[in-house]
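For reference, data39.cif is printed below; it contains mmCIF, C-alpha atoms.
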data_work
loop_
_atom_site.label_atom_id
_atom_site.label_comp_id
_atom_site.auth_asym_id
_atom_site.auth_seq_id
_atom_site.Cartn_x
_atom_site.Cartn_y
_atom_site.Cartn_z
CA MET A 216 -10.43 -59.08 111.31
CA ASN A 217 -11.61 -62.51 112.57
CA ILE A 218 -14.76 -62.86 114.69
CA GLU A 219 -12.89 -63.61 117.94
CA LYS A 220 -10.65 -60.53 117.64
CA TYR A 221 -13.64 -58.38 116.62
CA THR A 222 -15.65 -59.51 119.67
CA VAL A 223 -12.80 -58.90 122.13
CA LEU A 224 -12.17 -55.39 120.78
CA LEU A 225 -15.87 -54.55 120.82
CA PHE A 226 -16.29 -55.51 124.47
CA ALA A 227 -13.08 -53.73 125.42
CA VAL A 228 -14.44 -50.39 124.29
CA SER A 229 -18.18 -50.77 124.84
CA GLY A 230 -18.10 -49.17 128.28
CA PHE A 231 -16.66 -45.80 127.34
CA PHE A 232 -16.99 -44.91 123.69
CA PHE A 233 -17.09 -41.59 121.73
CA SER A 234 -16.25 -38.15 123.03
CA VAL A 235 -19.52 -38.63 122.90
CA CYS A 236 -23.73 -36.44 118.11
CA SER A 237 -29.81 -13.94 113.27
CA LYS A 238 -28.49 -12.14 116.37
CA ASN A 239 -31.06 -12.41 119.08
CA PRO A 240 -30.48 -11.45 122.72
CA ASP A 241 -33.07 -14.02 123.79
CA ARG A 242 -30.81 -16.81 122.52
CA THR A 243 -27.93 -15.93 124.87
CA ILE A 244 -27.48 -18.75 127.39
CA LYS A 245 -26.00 -18.03 130.80
CA ALA A 246 -23.73 -20.37 132.74
CA THR A 247 -26.35 -20.48 135.53
CA GLU A 248 -28.66 -22.33 133.14
CA MET A 249 -26.36 -25.35 133.12
CA THR A 250 -27.96 -27.03 136.14
CA LYS A 251 -30.39 -29.80 135.30
CA ASP A 252 -33.29 -28.38 137.31
CA SER A 253 -33.32 -25.15 135.29
CA PHE A 254 -33.90 -26.87 131.92
CA PRO A 255 -37.32 -26.46 130.38
CA ALA A 256 -39.11 -29.67 129.45
CA GLU A 257 -37.68 -31.17 126.30
CA ILE A 258 -39.94 -31.57 123.29
CA ARG A 259 -40.62 -35.11 122.06
CA GLU A 260 -42.10 -34.27 118.67
CA TYR A 261 -41.11 -31.78 115.98
CA GLU A 262 -43.09 -31.07 112.83
CA GLY A 263 -44.83 -34.42 113.11
CA VAL A 264 -41.64 -36.41 113.76
CA LYS A 265 -41.34 -38.32 117.05
CA LEU A 266 -38.11 -37.65 118.92
CA SER A 267 -36.03 -39.75 121.27
CA SER A 268 -35.37 -38.44 124.77
CA ILE A 269 -32.05 -36.84 125.62
CA THR A 270 -31.97 -39.19 128.61
CA GLY A 271 -31.23 -41.94 126.10
CA PHE A 272 -27.57 -40.91 125.91
CA ARG A 273 -25.25 -43.41 127.59
CA GLU A 274 -22.16 -42.19 129.41
CA ASN A 275 -19.25 -43.51 127.39
CA SER A 276 -16.78 -40.64 127.11
CA ILE A 277 -13.05 -41.18 127.57
CA LYS A 278 -12.74 -39.12 130.78
CA GLY A 279 -16.30 -38.66 131.99
CA PRO A 280 -18.62 -35.66 131.48
CA GLN A 281 -16.81 -32.35 131.23
CA LYS A 282 -18.03 -29.27 133.10
CA VAL A 283 -17.15 -26.21 131.05
CA ASP A 284 -17.24 -22.75 132.60
CA THR A 285 -18.35 -20.28 129.95
CA SER A 286 -16.60 -17.42 131.75
CA ASP A 287 -13.22 -18.59 130.43
CA TYR A 288 -14.27 -20.85 127.55
CA ARG A 289 -13.15 -20.03 124.01
CA LEU A 290 -14.10 -21.72 120.75
CA GLU A 291 -11.05 -21.50 118.51
CA VAL A 292 -10.64 -21.97 114.76
CA THR A 293 -6.99 -22.63 113.88
CA GLY A 294 -4.71 -24.26 111.34
CA LEU A 295 -4.97 -23.58 107.62
CA VAL A 296 -7.13 -20.47 107.85
CA ASP A 297 -6.52 -16.88 106.82
CA THR A 298 -7.53 -15.52 110.22
CA PRO A 299 -7.39 -17.68 113.38
CA LEU A 300 -10.48 -17.06 115.49
CA SER A 301 -11.32 -17.19 119.18
CA TYR A 302 -14.90 -16.65 120.33
CA THR A 303 -16.52 -16.69 123.73
CA TYR A 304 -19.58 -18.87 124.11
CA ALA A 305 -21.87 -15.85 124.09
CA GLU A 306 -20.19 -14.47 120.95
CA VAL A 307 -20.83 -17.71 119.06
CA ILE A 308 -24.48 -17.79 120.10
CA GLU A 309 -25.07 -14.14 119.27
CA ARG A 310 -22.96 -13.79 116.13
CA PHE A 311 -24.16 -16.74 114.07
CA LYS A 312 -27.65 -17.63 112.91
CA SER A 313 -28.96 -20.92 114.30
CA TYR A 314 -30.58 -23.78 112.41
CA LYS A 315 -32.63 -26.81 113.43
CA ARG A 316 -32.55 -30.34 112.03
CA VAL A 317 -33.87 -33.72 113.12
CA LEU A 318 -30.93 -36.11 112.86
CA LEU A 319 -30.34 -39.75 113.76
CA MET A 320 -27.19 -40.53 115.71
CA LYS A 321 -26.09 -44.18 115.77
CA CYS A 322 -23.65 -45.53 118.36
CA VAL A 323 -21.51 -48.61 117.71
CA GLU A 324 -22.75 -49.95 121.05
CA GLY A 325 -26.06 -50.66 119.32
CA TRP A 326 -28.25 -47.75 120.43
CA SER A 327 -29.44 -44.75 118.47
CA LEU A 328 -31.25 -41.47 119.09
CA ASN A 329 -33.39 -39.38 116.78
CA LEU A 330 -33.18 -35.83 118.11
CA LEU A 331 -33.82 -32.23 117.17
CA TRP A 332 -30.45 -30.54 116.92
CA GLU A 333 -30.04 -26.78 116.97
CA GLY A 334 -26.77 -25.06 116.26
CA ILE A 335 -24.67 -22.93 113.98
CA ARG A 336 -23.48 -23.94 110.51
CA LEU A 337 -19.82 -24.92 110.49
CA ASN A 338 -19.66 -23.38 107.03
CA ASP A 339 -20.46 -19.98 108.52
CA LEU A 340 -17.76 -20.38 111.17
CA LEU A 341 -15.14 -21.52 108.67
CA ASP A 342 -16.05 -18.78 106.20
CA ASP A 343 -15.43 -16.28 108.99
CA ALA A 344 -11.90 -17.62 109.37
CA GLY A 345 -11.20 -17.96 105.64
CA ILE A 346 -10.24 -21.43 104.37
CA ARG A 347 -6.80 -21.79 102.77
CA GLU A 348 -6.56 -23.66 99.49
CA ASP A 349 -4.45 -26.47 100.95
CA ALA A 350 -6.96 -27.35 103.69
CA ARG A 351 -8.42 -30.84 103.30
CA ILE A 352 -9.36 -32.04 106.79
CA VAL A 353 -11.28 -30.57 109.72
CA ILE A 354 -10.04 -31.80 113.12
CA PHE A 355 -12.27 -31.37 116.17
CA HIS A 356 -10.61 -31.03 119.57
CA SER A 357 -12.58 -31.53 122.80
CA THR A 358 -11.87 -30.33 126.32
CA ASP A 359 -11.13 -33.88 127.52
CA GLY A 360 -8.37 -34.37 124.94
CA TYR A 361 -10.57 -36.29 122.51
CA THR A 362 -10.13 -35.68 118.79
CA THR A 363 -11.80 -36.80 115.61
CA SER A 364 -11.82 -35.51 112.04
CA LEU A 365 -13.87 -35.21 108.88
CA PRO A 366 -12.96 -34.30 105.31
CA LEU A 367 -13.52 -30.62 104.60
CA PHE A 368 -15.68 -31.47 101.57
CA TYR A 369 -17.97 -33.56 103.81
CA VAL A 370 -18.39 -30.76 106.34
CA GLN A 371 -19.20 -28.34 103.52
CA ASP A 372 -21.44 -30.60 101.41
CA LYS A 373 -23.46 -31.83 104.40
CA ASP A 374 -23.59 -28.32 105.86
CA LEU A 375 -22.94 -29.78 109.30
CA LEU A 376 -24.06 -28.12 112.52
CA LEU A 377 -22.17 -27.37 115.70
CA ALA A 378 -25.03 -27.89 118.13
CA PHE A 379 -25.79 -26.09 121.38
CA LYS A 380 -29.30 -27.46 121.93
CA ILE A 381 -31.08 -30.80 121.59
CA ASN A 382 -34.87 -31.14 121.72
CA GLU A 383 -35.04 -27.41 122.61
CA VAL A 384 -32.88 -27.98 125.71
CA VAL A 385 -29.46 -26.39 126.19
CA LEU A 386 -26.88 -29.18 125.98
CA PRO A 387 -26.35 -30.62 129.47
CA PRO A 388 -22.71 -31.26 130.46
CA LYS A 389 -23.15 -35.00 129.86
CA GLN A 390 -24.27 -34.37 126.30
CA GLY A 391 -21.47 -32.00 125.38
CA PHE A 392 -22.06 -28.46 126.68
CA PRO A 393 -21.18 -26.02 125.26
CA PHE A 394 -20.96 -27.50 121.73
CA MET A 395 -21.36 -30.91 120.15
CA LEU A 396 -20.68 -31.75 116.53
CA ALA A 397 -23.78 -33.10 114.78
CA ALA A 398 -21.91 -35.35 112.37
CA GLU A 399 -24.84 -36.35 110.20
CA GLY A 400 -24.39 -39.73 108.49
CA LYS A 401 -21.44 -40.79 110.67
CA TRP A 402 -21.08 -43.21 113.57
CA GLY A 403 -21.31 -41.70 117.05
CA TYR A 404 -17.57 -41.42 117.64
CA LYS A 405 -17.49 -38.65 115.03
CA TRP A 406 -20.07 -36.65 117.04
CA ALA A 407 -17.46 -34.92 119.20
CA ARG A 408 -18.71 -33.41 122.45
CA TRP A 409 -17.28 -30.45 124.42
CA VAL A 410 -15.71 -29.02 121.25
CA GLU A 411 -13.23 -26.26 122.03
CA ARG A 412 -11.06 -26.07 118.92
CA ILE A 413 -11.63 -26.65 115.21
CA GLU A 414 -8.44 -27.09 113.22
CA LEU A 415 -8.11 -27.12 109.44
CA SER A 416 -5.33 -29.35 108.17
CA ALA A 417 -3.81 -30.75 104.98
CA ASP A 418 -3.13 -34.11 106.67
CA SER A 419 -5.61 -36.48 105.01
CA THR A 420 -4.10 -39.39 107.00
CA TYR A 421 -4.97 -37.87 110.40
CA LYS A 422 -6.63 -40.30 112.81
CA GLY A 423 -8.41 -39.28 115.98
CA PHE A 424 -8.76 -41.08 119.32
CA TRP A 425 -10.80 -44.09 118.21
CA GLU A 426 -9.67 -44.07 114.61
CA SER A 427 -6.07 -44.58 115.76
CA ARG A 428 -7.34 -47.63 117.68
CA GLY A 429 -8.77 -49.39 114.66
CA TYR A 430 -12.08 -47.68 114.03
CA SER A 431 -12.97 -46.59 110.53
CA ASN A 432 -11.81 -43.09 109.65
CA ASP A 433 -14.63 -42.86 107.12
CA ALA A 434 -17.21 -43.85 109.77
CA SER A 435 -20.23 -43.78 107.45
CA ASP A 436 -23.05 -45.16 109.58
CA ASP A 437 -24.25 -47.48 106.81
CA LYS A 438 -20.86 -49.25 106.77
CA PRO A 439 -18.82 -51.30 109.28
CA PHE A 440 -17.14 -49.18 111.93
CA PHE A 441 -13.96 -51.26 112.13
CA ASP A 442 -11.24 -51.01 109.53
CA ARG A 443 -10.35 -54.45 108.27
#

Rewrite the structure from the file as C-alpha coordinates, please.
Amino acid sequence: MNIEKYTVLLFAVSGFFFSVCSKNPDRTIKATEMTKDSFPAEIREYEGVKLSSITGFRENSIKGPQKVDTSDYRLEVTGLVDTPLSYTYAEVIERFKSYKRVLLMKCVEGWSLNLLWEGIRLNDLLDDAGIREDARIVIFHSTDGYTTSLPLFYVQDKDLLLAFKINEVVLPPKQGFPFMLAAEGKWGYKWARWVERIELSADSTYKGFWESRGYSNDASDDKPFFDR
(Lines of atoms letter the chains of each structure in order from A and count residues from 1; the text may use other names and numbers.)
(Lines give C-alpha, C1' and ligand atoms only; values in the text may rest on other atoms or scores of the structure.)
Protein backbone atom coordinates (compact mmCIF):
# COMPACT_ATOMS: atom_id res chain seq x y z
CA MET A 1 0.00 0.00 0.00
CA ASN A 2 1.48 3.41 -0.95
CA ILE A 3 1.73 6.24 1.60
CA GLU A 4 -1.08 8.33 0.04
CA LYS A 5 -3.57 5.43 0.06
CA TYR A 6 -2.50 4.45 3.59
CA THR A 7 -3.06 8.01 4.88
CA VAL A 8 -6.50 8.36 3.26
CA LEU A 9 -7.68 5.03 4.69
CA LEU A 10 -6.33 5.85 8.13
CA PHE A 11 -8.19 9.17 8.33
CA ALA A 12 -11.34 7.60 6.95
CA VAL A 13 -11.62 5.24 9.89
CA SER A 14 -9.98 7.19 12.69
CA GLY A 15 -13.25 8.60 13.99
CA PHE A 16 -15.04 5.35 14.73
CA PHE A 17 -12.79 2.35 15.10
CA PHE A 18 -13.10 -1.03 16.93
CA SER A 19 -16.20 -2.53 18.46
CA VAL A 20 -14.25 -1.16 20.75
CA CYS A 21 -9.97 -4.38 24.84
CA SER A 22 -15.27 -19.46 42.48
CA LYS A 23 -19.02 -18.85 42.88
CA ASN A 24 -19.52 -15.86 45.08
CA PRO A 25 -22.85 -14.09 45.62
CA ASP A 26 -20.99 -10.83 46.27
CA ARG A 27 -19.77 -10.82 42.66
CA THR A 28 -23.28 -10.73 41.17
CA ILE A 29 -23.81 -7.38 39.43
CA LYS A 30 -27.28 -5.95 39.08
CA ALA A 31 -28.55 -3.95 36.11
CA THR A 32 -29.15 -0.99 38.46
CA GLU A 33 -25.39 -0.71 38.92
CA MET A 34 -24.94 0.31 35.29
CA THR A 35 -25.39 4.04 35.92
CA LYS A 36 -22.18 6.01 36.11
CA ASP A 37 -22.90 7.59 39.49
CA SER A 38 -23.14 4.20 41.20
CA PHE A 39 -19.61 3.08 40.24
CA PRO A 40 -17.06 2.96 43.03
CA ALA A 41 -13.87 4.91 42.43
CA GLU A 42 -11.58 3.10 40.03
CA ILE A 43 -8.16 2.04 41.24
CA ARG A 44 -5.13 3.58 39.53
CA GLU A 45 -2.47 1.20 40.81
CA TYR A 46 -2.36 -2.58 41.19
CA GLU A 47 0.45 -4.53 42.82
CA GLY A 48 2.84 -1.65 42.24
CA VAL A 49 1.85 -1.11 38.59
CA LYS A 50 0.40 2.27 37.61
CA LEU A 51 -2.85 2.04 35.66
CA SER A 52 -4.42 4.24 33.03
CA SER A 53 -7.88 5.67 33.69
CA ILE A 54 -10.94 4.11 32.10
CA THR A 55 -11.85 7.63 30.99
CA GLY A 56 -9.02 7.29 28.47
CA PHE A 57 -11.22 5.22 26.15
CA ARG A 58 -12.24 7.11 23.02
CA GLU A 59 -15.67 6.55 21.50
CA ASN A 60 -14.99 4.91 18.16
CA SER A 61 -17.50 2.06 17.87
CA ILE A 62 -19.38 1.40 14.64
CA LYS A 63 -22.84 2.28 15.99
CA GLY A 64 -22.18 4.12 19.24
CA PRO A 65 -22.25 2.74 22.81
CA GLN A 66 -24.67 -0.12 23.31
CA LYS A 67 -26.98 -0.26 26.33
CA VAL A 68 -27.57 -3.89 27.20
CA ASP A 69 -30.40 -4.89 29.52
CA THR A 70 -29.28 -7.88 31.56
CA SER A 71 -32.89 -8.99 32.08
CA ASP A 72 -33.01 -10.40 28.54
CA TYR A 73 -29.31 -10.67 27.70
CA ARG A 74 -27.81 -14.07 26.88
CA LEU A 75 -24.18 -14.99 26.25
CA GLU A 76 -24.23 -17.78 23.69
CA VAL A 77 -21.56 -20.29 22.64
CA THR A 78 -22.40 -21.79 19.25
CA GLY A 79 -20.89 -23.40 16.16
CA LEU A 80 -18.51 -26.34 16.34
CA VAL A 81 -19.23 -27.32 19.93
CA ASP A 82 -20.67 -30.47 21.46
CA THR A 83 -23.26 -28.55 23.47
CA PRO A 84 -24.41 -25.05 22.44
CA LEU A 85 -24.70 -22.85 25.52
CA SER A 86 -26.80 -19.87 26.54
CA TYR A 87 -26.13 -18.12 29.85
CA THR A 88 -27.69 -15.12 31.51
CA TYR A 89 -25.32 -12.42 32.69
CA ALA A 90 -25.75 -13.48 36.31
CA GLU A 91 -25.10 -17.13 35.42
CA VAL A 92 -21.77 -16.25 33.79
CA ILE A 93 -20.67 -14.17 36.76
CA GLU A 94 -21.69 -16.79 39.31
CA ARG A 95 -20.72 -19.97 37.47
CA PHE A 96 -17.15 -19.18 36.42
CA LYS A 97 -14.17 -18.21 38.53
CA SER A 98 -12.79 -14.75 37.78
CA TYR A 99 -9.18 -13.75 37.15
CA LYS A 100 -7.33 -10.43 37.10
CA ARG A 101 -4.55 -9.29 34.77
CA VAL A 102 -2.91 -5.97 33.94
CA LEU A 103 -2.93 -5.73 30.15
CA LEU A 104 -1.97 -3.07 27.62
CA MET A 105 -4.47 -2.33 24.88
CA LYS A 106 -3.17 -0.44 21.84
CA CYS A 107 -5.47 1.34 19.40
CA VAL A 108 -4.47 2.01 15.80
CA GLU A 109 -5.50 5.64 16.37
CA GLY A 110 -2.30 6.03 18.37
CA TRP A 111 -3.51 5.80 21.98
CA SER A 112 -3.11 3.00 24.49
CA LEU A 113 -4.36 2.06 27.95
CA ASN A 114 -2.77 -0.08 30.62
CA LEU A 115 -5.64 -1.40 32.72
CA LEU A 116 -6.54 -4.05 35.26
CA TRP A 117 -8.90 -6.46 33.56
CA GLU A 118 -11.09 -8.88 35.47
CA GLY A 119 -13.09 -11.60 33.81
CA ILE A 120 -13.63 -15.26 33.14
CA ARG A 121 -11.26 -17.51 31.19
CA LEU A 122 -12.54 -18.22 27.69
CA ASN A 123 -10.99 -21.66 28.07
CA ASP A 124 -13.40 -22.41 30.91
CA LEU A 125 -16.38 -21.26 28.83
CA LEU A 126 -15.32 -23.25 25.77
CA ASP A 127 -14.57 -26.35 27.84
CA ASP A 128 -18.13 -26.14 29.16
CA ALA A 129 -19.43 -26.31 25.60
CA GLY A 130 -16.98 -28.97 24.40
CA ILE A 131 -14.77 -28.08 21.43
CA ARG A 132 -15.15 -30.21 18.30
CA GLU A 133 -12.00 -31.46 16.60
CA ASP A 134 -12.60 -29.46 13.42
CA ALA A 135 -12.84 -26.09 15.22
CA ARG A 136 -10.04 -23.70 14.26
CA ILE A 137 -11.39 -20.17 14.70
CA VAL A 138 -13.26 -18.32 17.45
CA ILE A 139 -15.61 -15.62 16.13
CA PHE A 140 -16.87 -12.93 18.51
CA HIS A 141 -20.25 -11.34 17.79
CA SER A 142 -21.27 -8.06 19.44
CA THR A 143 -24.71 -6.57 20.01
CA ASP A 144 -24.07 -3.80 17.44
CA GLY A 145 -23.37 -6.31 14.66
CA TYR A 146 -19.59 -6.05 14.98
CA THR A 147 -17.53 -9.21 14.56
CA THR A 148 -13.89 -10.17 14.84
CA SER A 149 -12.05 -13.47 15.21
CA LEU A 150 -8.99 -15.15 16.65
CA PRO A 151 -7.41 -18.54 16.05
CA LEU A 152 -8.55 -21.11 18.60
CA PHE A 153 -4.93 -21.95 19.46
CA TYR A 154 -4.28 -18.28 20.30
CA VAL A 155 -7.30 -18.07 22.60
CA GLN A 156 -6.19 -21.25 24.34
CA ASP A 157 -2.44 -20.55 24.53
CA LYS A 158 -2.90 -16.97 25.76
CA ASP A 159 -5.68 -18.06 28.12
CA LEU A 160 -7.65 -14.96 27.14
CA LEU A 161 -10.21 -13.32 29.40
CA LEU A 162 -13.76 -12.21 28.72
CA ALA A 163 -13.78 -9.16 30.96
CA PHE A 164 -16.62 -7.71 33.02
CA LYS A 165 -14.56 -5.23 35.05
CA ILE A 166 -11.73 -2.79 34.45
CA ASN A 167 -9.78 -1.14 37.28
CA GLU A 168 -12.25 -2.74 39.73
CA VAL A 169 -15.19 -0.97 38.04
CA VAL A 170 -18.02 -2.83 36.32
CA LEU A 171 -17.70 -2.18 32.58
CA PRO A 172 -19.66 0.98 31.72
CA PRO A 173 -21.80 0.77 28.56
CA LYS A 174 -19.23 2.80 26.61
CA GLN A 175 -16.51 0.30 27.46
CA GLY A 176 -18.48 -2.79 26.54
CA PHE A 177 -20.93 -3.84 29.27
CA PRO A 178 -21.63 -6.65 29.85
CA PHE A 179 -18.51 -8.31 28.38
CA MET A 180 -15.43 -7.18 26.49
CA LEU A 181 -12.80 -9.46 25.02
CA ALA A 182 -9.35 -8.77 26.48
CA ALA A 183 -7.41 -9.75 23.37
CA GLU A 184 -3.94 -9.62 24.85
CA GLY A 185 -1.21 -8.91 22.29
CA LYS A 186 -3.63 -7.77 19.56
CA TRP A 187 -4.58 -4.36 18.18
CA GLY A 188 -7.69 -2.76 19.66
CA TYR A 189 -10.08 -3.85 16.93
CA LYS A 190 -9.74 -7.41 18.21
CA TRP A 191 -10.91 -6.31 21.68
CA ALA A 192 -14.60 -6.78 20.88
CA ARG A 193 -17.05 -4.97 23.16
CA TRP A 194 -20.66 -5.91 24.02
CA VAL A 195 -19.96 -9.58 23.25
CA GLU A 196 -23.16 -11.61 23.00
CA ARG A 197 -22.14 -14.69 21.02
CA ILE A 198 -18.96 -16.74 20.70
CA GLU A 199 -18.91 -19.00 17.66
CA LEU A 200 -16.42 -21.77 16.94
CA SER A 201 -15.73 -22.28 13.26
CA ALA A 202 -13.52 -24.21 10.84
CA ASP A 203 -13.29 -21.20 8.50
CA SER A 204 -9.69 -20.03 8.87
CA THR A 205 -10.30 -17.38 6.17
CA TYR A 206 -13.04 -15.61 8.17
CA LYS A 207 -12.66 -11.83 8.33
CA GLY A 208 -14.53 -9.59 10.72
CA PHE A 209 -15.77 -6.00 10.32
CA TRP A 210 -12.42 -4.21 10.02
CA GLU A 211 -10.47 -7.17 8.72
CA SER A 212 -12.78 -7.32 5.68
CA ARG A 213 -11.92 -3.64 5.10
CA GLY A 214 -8.18 -4.18 4.83
CA TYR A 215 -7.01 -4.49 8.41
CA SER A 216 -4.69 -7.32 9.36
CA ASN A 217 -6.46 -10.50 10.41
CA ASP A 218 -3.42 -11.42 12.50
CA ALA A 219 -3.49 -8.03 14.27
CA SER A 220 -0.42 -8.63 16.44
CA ASP A 221 0.19 -5.28 18.12
CA ASP A 222 3.92 -5.39 17.37
CA LYS A 223 3.20 -5.54 13.61
CA PRO A 224 1.51 -3.22 11.06
CA PHE A 225 -2.28 -3.26 11.30
CA PHE A 226 -2.90 -2.97 7.55
CA ASP A 227 -2.55 -5.92 5.24
CA ARG A 228 -0.31 -5.02 2.33

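In terms of minimum interatomic distance to Met395 (chain A), A:Gly334 ranks closest within A:Gly263, A:Gly279, A:Gly334, A:Gly271, counting only C-alpha atoms.
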
A:Lys282, A:Arg347, A:His356, A:Lys315 ranked by distance to Ala397 (chain A), top pick (using only C-alpha atoms): A:Lys315

Pick from A:Ser416, A:Thr362, A:Leu331, A:Gln371 nearest to Arg259 (chain A), counting all atoms listed in the file: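 Of A:Ser416, A:Thr362, A:Leu331, A:Gln371, the one nearest Arg259 (chain A), counting all atoms listed in the file, is A:Leu331.
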
Of the listed residues A:Glu333, A:Asp343, A:Asp287, A:Glu262, that which approaches Phe394 (chain A) most closely, counting only C-alpha atoms: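 Once distances to Phe394 (chain A) are computed over only C-alpha atoms, the minimum belongs to A:Glu333.
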
Counting all atoms listed in the file, the option among A:Asn275, A:Thr270, A:Thr420, A:Gln390 closest to Val323 (chain A): A:Asn275
